[in-house]
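K.L.:
So that we are looking at the same thing, I have put the structure below in structure tokens.
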Amino acid sequence: MPTDAVVSNFIRSIIDEDNRTGKWNQRVETRFPPEPNGYLHIGHAKSICLNFGIAHDYNGVCHLRFDDTNPEKEAQEYVDAICENVAWLGFDWGEHLHYSSDYFDQLYAFAEYLITQGKAYVESLTADEIREQRGTLTSPGQNSPYRDRLPDESLDLFRCMKAGEFPDGKYVLRAKIDMASPNMNMRDPVIYRIRHIHHQRTGDQWCIYPMYDYTHCISDALEKITHSLCTLEFEDHRPLYDWVLDQLEGKVPCHPQQIEFARLNLTYTVMSKRKLIELVESDLVDDWDDPRLSTLAGVRRRGYTPKSIRQFIERIGVSKADSWIDVSVLEDCLREDLNESAPRRVAILRPLKLIIDNYPEDLEEDCFAPNHPKKPEWGKRVVPLSKTLYIERDDFMEEPTKGYFRLSPGAEVRLRYGYIVKCVAVDKNAVGEIEAIHCTYDAETKSGTEGATKRKVKGNIHWLSVKHAQPAEVRLYDRLFSDPYPDSGDKDYKTSLNPDSKEIITAYLEQSLCDAEPEQAFQFERNGYFIADRIDSKPGKPVFNRAVTLRDSWGKVDAGV
RNA sequence: UGGGGAGUCGCCAAGUGGUAAGGCACUGGAUUUUGAUUCCAGCAUACGUAGGUUCGAUCCCUACCUCCCCAGCCA
């Protein structure tokens, strides 16, 4: 059991009960079964964390199994990316890397067995005819004229299918169950189809491929999975899962239990594979790992840590109720992690010049900034101060609104880790835009000296010496959609794209940030958490992505919320 | 109008016959050289609706309402 208090959920209750009755001899074995036909997204993270997390908590193991039964859509590229994502999230499948295609021989042998038992038959109808005879939600289907084909004849045909004697679609193998079942999945489902396609792992060895419903349950059983977790839409596939394994009782090692949970829905994003593909292919985002995307590659590049994602999945829990999680919950989990782990640095995103009129022209002074406010053991670094500085434009208001306590004409603030300054003048250009502001400083108030505590000012702003500041590309990301439910109804989700979801700026950084390693995260004080882009950063020349802003209670007040 | 699921605080989510956990959000207040963090306090007479059983119901029964999933030779 993990050290953190684990909240009970319906899946754990089932396992606890199984352990109590000894159903599996205290064994817990799960699996994460992606189809390698696309990139993983944050919704998959729920399944990954659930499967690996439960196995870990119950001293069991979790397999990574690629459900690769449809070579038409699958590719090695996806297998590699998925492995990388799962490992990145912090999970280890050890020796349990499996593929459904590992079981093609056994799957085939079981199919022959089903035929000999009169539980499956070769169908001669076309796909269209099968559809027509399947019936509807409210009316039963009708039996195929080939349903009572003799087992020997079916077996013969099936062997010829395997031998490549027929073109795609000519025949299909169907389970013989019940065409009148109110559950559509039980109306003699197709379990094998002919596909003369090269498979990324088995090559041209096969030209018939098994279907999901037939493959998944048997793969689970062969791997001795105990609890087979999947999402809600497979709930009415469970009778079929159980039917197949019931026919094979004694021939497979066990009969795993399928348990369904609600999939993750996140606001302000889309999760479906189709829409993700569309966004990428129509260049609405940069690529699969665009930091605005909910793909795991995307959130990683955005700056999300594996720990923050695991925390998120733990926080949202698991149940069978359809639910929408607000993306702010995800963002909070990142803040929680990075608040602890990210060193503090100074960066000016939108610079405004501040000149200290009474500061000596050539003087440079060292100011000492702690690397983390709560961790003195992390030490301090030197930030040089001089006469001309950059501050954030937001930290000055010529006509301050009520409650604003940063810089404005006549007002005093502390230059963080430096002196208290007072605004004495504003420079404007010909069209009235503010170009610089002038301050005087109180030489008695330097941080770290005795005088620092004599006077208190409420405002506290960050700054950088102009001559020391380093320009760098910084990408400010925001939510990809401006509608919390871009997917809902019949509106086109592409119409609710947020036009301001990506802004590229040249910001100024303190010197030490130039040494940032790719994927190193920092808190830019009073701004947010930023990560050195893992792709575009060059030695000595980092590019930063804003992963998430700091919480900002003033922003809410200011916006009149 | 067939079948399978779900409805507990703004968002998640426990509890399942004995009088509503927890988290997040939110609201106060304290601390703070990040309007951050941290801390402390508050936050469902109420469990989709209506009946019924019971000393007692979110939990059992009945009816109803709402939402989700299913008619791929996809997974």
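Following the order of the structure tokens, chains are lettered A, B, ..., residues in each are numbered from 1, and ligands are numbered from 1.
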If the cut-off is 6 Å, can you tell me the residues of chain A near chain B, counting only C-alpha atoms (C1' of nucleotides)? I'd like them as an MDAnalysis selection string.
P.N.:
chainID A and resid 136:138 182:183 193 233 236 316 321 416 525:526 554
K.L.:
So that I can see what lies close to range 72-77 of chain A, please list as a list of chain:residue names the residues with an atom at most 12 Å from it, counting only C-alpha atoms (C1' of nucleotides) and leaving out residues fewer than 6 positions away in the same chain.
P.N.:
A:Pro34, A:Glu35, A:Pro36, A:Asn37, A:Gly38, A:Tyr39, A:Phe66, A:Cys83, A:Glu84, A:Tyr99, A:Ser101, A:Ile194, A:Arg195, A:His196, A:Ile197, A:His198, A:His199, A:Gln200, A:Arg201, A:Thr202, A:Gly203, A:Cys207, A:Tyr209, B:C74, B:A75
K.L.:
I'd like the contact shell of range 449-458 of chain A - 7 Å cut-off, only C-alpha atoms (C1' of nucleotides), skipping same-chain residues fewer than 3 positions apart - returned as a list in words.
P.N.:
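Here the answer would be Phe405, Glu412, Val413, Arg414, Glu444, Thr445 and Lys446 of chain A.
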K.L.:
Please indicate the distance in Å from CA of Ser386 in chain A to CA of Ile355 in chain A, rounded to one decimal place.
P.N.:
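One can read the CA of Ser386 in chain A to CA of Ile355 in chain A distance as 9.1 Å.
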K.L.:
What gap, in Å, lies between CA of Gly459 in chain A and CA of Cys367 in chain A?
P.N.:
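Those two atoms sit 18.1 Å apart.
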K.L.:
Got a sec: who's within 7 Å of range 173-179 of chain A, counting only C-alpha atoms (C1' of nucleotides), leaving out chain neighbours fewer than 4 positions off, as an mmCIF file with N, CA, C and O atoms, in the first residue's frame?
P.N.:
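Final output, around-v4.cif:
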data_model
loop_
_atom_site.group_PDB
_atom_site.id
_atom_site.type_symbol
_atom_site.label_atom_id
_atom_site.label_comp_id
_atom_site.auth_asym_id
_atom_site.auth_seq_id
_atom_site.Cartn_x
_atom_site.Cartn_y
_atom_site.Cartn_z
ATOM 1 N N LYS A 119 -19.619 -23.099 -32.615
ATOM 2 C CA LYS A 119 -19.796 -21.791 -31.985
ATOM 3 C C LYS A 119 -19.342 -20.640 -32.882
ATOM 4 O O LYS A 119 -19.378 -19.484 -32.474
ATOM 5 N N ALA A 120 -18.873 -20.995 -34.065
ATOM 6 C CA ALA A 120 -18.488 -19.961 -35.030
ATOM 7 C C ALA A 120 -18.669 -20.511 -36.426
ATOM 8 O O ALA A 120 -18.612 -21.724 -36.628
ATOM 9 N N TYR A 121 -18.919 -19.626 -37.360
ATOM 10 C CA TYR A 121 -19.133 -20.075 -38.738
ATOM 11 C C TYR A 121 -18.595 -19.044 -39.716
ATOM 12 O O TYR A 121 -18.495 -17.858 -39.408
ATOM 13 N N VAL A 122 -18.247 -19.549 -40.899
ATOM 14 C CA VAL A 122 -17.765 -18.641 -41.935
ATOM 15 C C VAL A 122 -18.968 -18.059 -42.659
ATOM 16 O O VAL A 122 -19.878 -18.783 -43.067
ATOM 17 N N GLU A 123 -18.949 -16.747 -42.779
ATOM 18 C CA GLU A 123 -20.050 -15.993 -43.377
ATOM 19 C C GLU A 123 -19.717 -15.637 -44.821
ATOM 20 O O GLU A 123 -18.602 -15.186 -45.111
ATOM 21 N N PRO A 140 -35.056 -7.141 -33.822
ATOM 22 C CA PRO A 140 -34.030 -8.183 -33.847
ATOM 23 C C PRO A 140 -33.438 -8.368 -35.248
ATOM 24 O O PRO A 140 -34.035 -7.966 -36.236
ATOM 25 N N GLY A 141 -32.257 -8.956 -35.283
ATOM 26 C CA GLY A 141 -31.651 -9.251 -36.574
ATOM 27 C C GLY A 141 -32.182 -10.582 -37.081
ATOM 28 O O GLY A 141 -32.967 -11.244 -36.405
ATOM 29 N N GLN A 142 -31.779 -10.938 -38.271
ATOM 30 C CA GLN A 142 -32.216 -12.243 -38.778
ATOM 31 C C GLN A 142 -30.997 -13.130 -39.044
ATOM 32 O O GLN A 142 -29.918 -12.645 -39.379
ATOM 33 N N ASN A 143 -31.221 -14.405 -38.887
ATOM 34 C CA ASN A 143 -30.120 -15.353 -39.066
ATOM 35 C C ASN A 143 -29.617 -15.354 -40.502
ATOM 36 O O ASN A 143 -30.392 -15.294 -41.450
ATOM 37 N N MET A 186 -23.963 -8.953 -29.399
ATOM 38 C CA MET A 186 -24.147 -10.403 -29.337
ATOM 39 C C MET A 186 -24.789 -10.964 -30.593
ATOM 40 O O MET A 186 -25.005 -12.171 -30.713
ATOM 41 N N ARG A 187 -25.109 -10.093 -31.574
ATOM 42 C CA ARG A 187 -25.764 -10.576 -32.797
ATOM 43 C C ARG A 187 -24.691 -11.119 -33.749
ATOM 44 O O ARG A 187 -24.350 -10.486 -34.748
ATOM 45 N N ASP A 188 -24.186 -12.277 -33.417
ATOM 46 C CA ASP A 188 -23.175 -12.961 -34.242
ATOM 47 C C ASP A 188 -22.045 -12.034 -34.719
ATOM 48 O O ASP A 188 -21.876 -11.807 -35.933
ATOM 49 N N PRO A 189 -21.301 -11.511 -33.787
ATOM 50 C CA PRO A 189 -20.246 -10.556 -34.140
ATOM 51 C C PRO A 189 -19.160 -11.173 -35.013
ATOM 52 O O PRO A 189 -18.843 -12.357 -34.893
ATOM 53 N N VAL A 190 -18.641 -10.353 -35.911
ATOM 54 C CA VAL A 190 -17.517 -10.779 -36.747
ATOM 55 C C VAL A 190 -16.295 -10.910 -35.853
ATOM 56 O O VAL A 190 -16.025 -10.033 -35.032
ATOM 57 N N ILE A 191 -15.558 -11.999 -35.964
ATOM 58 C CA ILE A 191 -14.353 -12.129 -35.148
ATOM 59 C C ILE A 191 -13.062 -12.259 -35.971
ATOM 60 O O ILE A 191 -11.971 -12.103 -35.442
ATOM 61 N N TYR A 192 -13.195 -12.522 -37.246
ATOM 62 C CA TYR A 192 -12.005 -12.533 -38.121
ATOM 63 C C TYR A 192 -12.372 -11.926 -39.461
ATOM 64 O O TYR A 192 -13.455 -12.197 -39.990
ATOM 65 N N ARG A 193 -11.472 -11.139 -40.037
ATOM 66 C CA ARG A 193 -11.707 -10.619 -41.383
ATOM 67 C C ARG A 193 -10.455 -10.813 -42.217
ATOM 68 O O ARG A 193 -9.357 -10.988 -41.679
#
K.L.:
Please run DSSP on the backbone and report, as a ChimeraX atom specification, all residues within range 308-393 of chain A that come out as strand (DSSP E).
P.N.:
/A:344-345,347-348,351-356,365-370,380-385,388-392
K.L.:
Could you find all residues in range 311-389 of chain A that DSSP calls helix (DSSP H, G or I) from the backbone, and write them as a VMD selection string?
P.N.:
chain A and resid 311 to 316 327 to 341 376 to 378
K.L.:
CA of Leu155 in chain A to CA of Gly135 in chain A: how many Å, to one decimal?
P.N.:
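Distance between the two atoms: 27.0 Å.
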K.L.:
Write out as a ChimeraX atom specification each polymer residue whose atoms come within 12 Å of C40 in chain B, counting only C-alpha atoms (C1' of nucleotides); drop sequence neighbours fewer than 6 positions from it.
P.N.:
/B:28-31
K.L.:
Next, dump the selected residues to file, keeping only all heavy atoms, as an mmCIF file, in the first residue's frame.
P.N.:
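New file result-v6.cif:
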data_model
loop_
_atom_site.group_PDB
_atom_site.id
_atom_site.type_symbol
_atom_site.label_atom_id
_atom_site.label_comp_id
_atom_site.auth_asym_id
_atom_site.auth_seq_id
_atom_site.Cartn_x
_atom_site.Cartn_y
_atom_site.Cartn_z
ATOM 1 P P G B 28 -13.654 37.646 1.222
ATOM 2 O OP1 G B 28 -13.906 38.972 0.655
ATOM 3 O OP2 G B 28 -12.330 36.990 1.010
ATOM 4 O "O5'" G B 28 -13.953 37.665 2.783
ATOM 5 C "C5'" G B 28 -12.932 37.976 3.662
ATOM 6 C "C4'" G B 28 -13.289 37.474 5.039
ATOM 7 O "O4'" G B 28 -13.705 36.078 4.961
ATOM 8 C "C3'" G B 28 -12.084 37.459 5.946
ATOM 9 O "O3'" G B 28 -11.888 38.736 6.535
ATOM 10 C "C2'" G B 28 -12.428 36.342 6.926
ATOM 11 O "O2'" G B 28 -13.356 36.735 7.899
ATOM 12 C "C1'" G B 28 -13.041 35.325 5.960
ATOM 13 N N9 G B 28 -12.012 34.513 5.311
ATOM 14 C C8 G B 28 -11.732 34.459 3.961
ATOM 15 N N7 G B 28 -10.746 33.644 3.677
ATOM 16 C C5 G B 28 -10.352 33.131 4.909
ATOM 17 C C6 G B 28 -9.341 32.203 5.243
ATOM 18 O O6 G B 28 -8.561 31.617 4.478
ATOM 19 N N1 G B 28 -9.274 31.966 6.609
ATOM 20 C C2 G B 28 -10.096 32.547 7.544
ATOM 21 N N2 G B 28 -9.882 32.192 8.811
ATOM 22 N N3 G B 28 -11.045 33.414 7.260
ATOM 23 C C4 G B 28 -11.122 33.656 5.922
ATOM 24 P P G B 29 -10.545 39.505 6.130
ATOM 25 O OP1 G B 29 -11.019 40.818 5.667
ATOM 26 O OP2 G B 29 -9.697 38.661 5.248
ATOM 27 O "O5'" G B 29 -9.741 39.665 7.473
ATOM 28 C "C5'" G B 29 -10.260 39.228 8.728
ATOM 29 C "C4'" G B 29 -9.381 38.165 9.341
ATOM 30 O "O4'" G B 29 -9.647 36.886 8.719
ATOM 31 C "C3'" G B 29 -7.877 38.299 9.103
ATOM 32 O "O3'" G B 29 -7.251 39.331 9.847
ATOM 33 C "C2'" G B 29 -7.416 36.902 9.536
ATOM 34 O "O2'" G B 29 -7.378 36.775 10.933
ATOM 35 C "C1'" G B 29 -8.525 36.031 8.949
ATOM 36 N N9 G B 29 -8.062 35.442 7.698
ATOM 37 C C8 G B 29 -8.425 35.756 6.398
ATOM 38 N N7 G B 29 -7.780 35.050 5.505
ATOM 39 C C5 G B 29 -6.931 34.230 6.252
ATOM 40 C C6 G B 29 -5.989 33.254 5.845
ATOM 41 O O6 G B 29 -5.683 32.895 4.696
ATOM 42 N N1 G B 29 -5.348 32.662 6.931
ATOM 43 C C2 G B 29 -5.598 32.984 8.238
ATOM 44 N N2 G B 29 -4.882 32.317 9.159
ATOM 45 N N3 G B 29 -6.480 33.889 8.646
ATOM 46 C C4 G B 29 -7.102 34.459 7.597
ATOM 47 P P A B 30 -5.826 39.869 9.392
ATOM 48 O OP1 A B 30 -5.523 41.062 10.206
ATOM 49 O OP2 A B 30 -5.823 39.945 7.918
ATOM 50 O "O5'" A B 30 -4.836 38.691 9.820
ATOM 51 C "C5'" A B 30 -4.581 38.448 11.188
ATOM 52 C "C4'" A B 30 -3.532 37.375 11.300
ATOM 53 O "O4'" A B 30 -4.034 36.165 10.674
ATOM 54 C "C3'" A B 30 -2.236 37.655 10.553
ATOM 55 O "O3'" A B 30 -1.376 38.516 11.276
ATOM 56 C "C2'" A B 30 -1.678 36.250 10.429
ATOM 57 O "O2'" A B 30 -1.128 35.778 11.645
ATOM 58 C "C1'" A B 30 -2.945 35.462 10.110
ATOM 59 N N9 A B 30 -3.145 35.370 8.656
ATOM 60 C C8 A B 30 -3.999 36.096 7.868
ATOM 61 N N7 A B 30 -3.925 35.792 6.584
ATOM 62 C C5 A B 30 -2.952 34.815 6.527
ATOM 63 C C6 A B 30 -2.403 34.083 5.462
ATOM 64 N N6 A B 30 -2.773 34.228 4.192
ATOM 65 N N1 A B 30 -1.438 33.175 5.744
ATOM 66 C C2 A B 30 -1.059 33.019 7.025
ATOM 67 N N3 A B 30 -1.503 33.652 8.122
ATOM 68 C C4 A B 30 -2.460 34.544 7.792
ATOM 69 P P U B 31 -0.291 39.303 10.518
ATOM 70 O OP1 U B 31 0.278 40.251 11.488
ATOM 71 O OP2 U B 31 -0.757 39.770 9.196
ATOM 72 O "O5'" U B 31 0.687 38.147 10.159
ATOM 73 C "C5'" U B 31 1.693 37.592 10.958
ATOM 74 C "C4'" U B 31 2.418 36.596 10.106
ATOM 75 O "O4'" U B 31 1.456 35.775 9.379
ATOM 76 C "C3'" U B 31 3.218 37.205 8.952
ATOM 77 O "O3'" U B 31 4.439 37.771 9.389
ATOM 78 C "C2'" U B 31 3.439 35.966 8.092
ATOM 79 O "O2'" U B 31 4.407 35.105 8.607
ATOM 80 C "C1'" U B 31 2.059 35.302 8.174
ATOM 81 N N1 U B 31 1.247 35.669 6.997
ATOM 82 C C2 U B 31 1.497 34.968 5.820
ATOM 83 O O2 U B 31 2.325 34.065 5.745
ATOM 84 N N3 U B 31 0.766 35.356 4.738
ATOM 85 C C4 U B 31 -0.180 36.356 4.700
ATOM 86 O O4 U B 31 -0.759 36.592 3.638
ATOM 87 C C5 U B 31 -0.388 37.040 5.948
ATOM 88 C C6 U B 31 0.319 36.681 7.033
#
K.L.:
Please identify all polymer residues within 12 Å of U53 in chain B, counting only C-alpha atoms (C1' of nucleotides), omitting same-chain residues fewer than 6 positions from it, and present them as an MDAnalysis selection string.
P.N.:
chainID B and resid 17 60:62
K.L.:
Write the residues of the selection above to a file with N, CA, C and O atoms (P, O5', C5', C4', C3', O3' and C1' of nucleotides), as a PDB file, in the first residue's frame.
P.N.:
ATOM      1  P     G B  17     -25.935  -1.239   4.379  1.00  0.00           P
ATOM      2  O5'   G B  17     -26.999  -0.496   5.349  1.00  0.00           O
ATOM      3  C5'   G B  17     -27.590   0.647   4.870  1.00  0.00           C
ATOM      4  C4'   G B  17     -28.445   1.282   5.894  1.00  0.00           C
ATOM      5  C3'   G B  17     -28.112   1.205   7.379  1.00  0.00           C
ATOM      6  O3'   G B  17     -27.313   2.341   7.677  1.00  0.00           O
ATOM      7  C1'   G B  17     -30.471   1.243   6.940  1.00  0.00           C
ATOM      8  P     C B  60     -30.224   0.632  -2.121  1.00  0.00           P
ATOM      9  O5'   C B  60     -31.447  -0.065  -1.372  1.00  0.00           O
ATOM     10  C5'   C B  60     -31.352  -1.398  -0.887  1.00  0.00           C
ATOM     11  C4'   C B  60     -32.727  -1.886  -0.526  1.00  0.00           C
ATOM     12  C3'   C B  60     -33.792  -1.582  -1.567  1.00  0.00           C
ATOM     13  O3'   C B  60     -33.797  -2.563  -2.589  1.00  0.00           O
ATOM     14  C1'   C B  60     -34.593  -0.947   0.560  1.00  0.00           C
ATOM     15  P     C B  61     -34.282  -2.182  -4.076  1.00  0.00           P
ATOM     16  O5'   C B  61     -35.857  -2.072  -3.867  1.00  0.00           O
ATOM     17  C5'   C B  61     -36.631  -3.226  -3.561  1.00  0.00           C
ATOM     18  C4'   C B  61     -38.087  -2.836  -3.532  1.00  0.00           C
ATOM     19  C3'   C B  61     -38.557  -2.077  -4.772  1.00  0.00           C
ATOM     20  O3'   C B  61     -38.900  -2.967  -5.820  1.00  0.00           O
ATOM     21  C1'   C B  61     -39.297  -0.945  -2.827  1.00  0.00           C
ATOM     22  P     U B  62     -38.740  -2.493  -7.331  1.00  0.00           P
ATOM     23  O5'   U B  62     -39.954  -1.471  -7.491  1.00  0.00           O
ATOM     24  C5'   U B  62     -41.304  -1.940  -7.416  1.00  0.00           C
ATOM     25  C4'   U B  62     -42.240  -0.765  -7.572  1.00  0.00           C
ATOM     26  C3'   U B  62     -41.954   0.146  -8.757  1.00  0.00           C
ATOM     27  O3'   U B  62     -42.461  -0.377  -9.961  1.00  0.00           O
ATOM     28  C1'   U B  62     -42.377   1.462  -6.836  1.00  0.00           C
TER      29        U B  62
END
K.L.:
Compile the contact shell of Glu331 in chain A as a list of chain:residue names: residues with an atom at most 10 Å away, counting only C-alpha atoms (C1' of nucleotides), same-chain residues fewer than 3 positions apart removed.
P.N.:
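So, after excluding close chain neighbours, the residues are A:Tyr304, A:Ser308, A:Ile309, A:Phe312, A:Asp326, A:Val327, A:Ser328, A:Leu334, A:Arg335, A:Glu336, A:Ala547, A:Val548, A:Thr549, A:Leu550, A:Arg551.
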K.L.:
Please produce a file of those selected residues containing C-alpha atoms, as a PDB file, in the first residue's frame.
P.N.:
ATOM      1  CA  TYR A 304       3.949  19.527 -17.165  1.00  0.00           C
ATOM      2  CA  SER A 308       1.929  16.735 -11.588  1.00  0.00           C
ATOM      3  CA  ILE A 309      -0.004  14.513 -13.962  1.00  0.00           C
ATOM      4  CA  PHE A 312      -3.945  15.188 -11.130  1.00  0.00           C
ATOM      5  CA  ASP A 326     -11.999  21.811 -15.206  1.00  0.00           C
ATOM      6  CA  VAL A 327      -8.574  22.307 -16.725  1.00  0.00           C
ATOM      7  CA  SER A 328      -7.717  24.571 -13.792  1.00  0.00           C
ATOM      8  CA  LEU A 334       1.474  21.690 -11.862  1.00  0.00           C
ATOM      9  CA  ARG A 335       1.722  24.764  -9.631  1.00  0.00           C
ATOM     10  CA  GLU A 336       1.738  22.518  -6.598  1.00  0.00           C
ATOM     11  CA  ALA A 547       3.648  26.233 -18.579  1.00  0.00           C
ATOM     12  CA  VAL A 548       1.250  28.021 -16.258  1.00  0.00           C
ATOM     13  CA  THR A 549       0.910  31.439 -14.649  1.00  0.00           C
ATOM     14  CA  LEU A 550       1.053  32.004 -10.939  1.00  0.00           C
ATOM     15  CA  ARG A 551      -2.304  32.274  -9.236  1.00  0.00           C
TER      16      ARG A 551
END
K.L.:
Given only C-alpha atoms as the basis, pick out the residue of A:Ser139, A:Thr295, A:Ser488, A:Ser408 nearest to Val280 in chain A.
P.N.:
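Smallest separation from Val280 in chain A among the options: A:Thr295.
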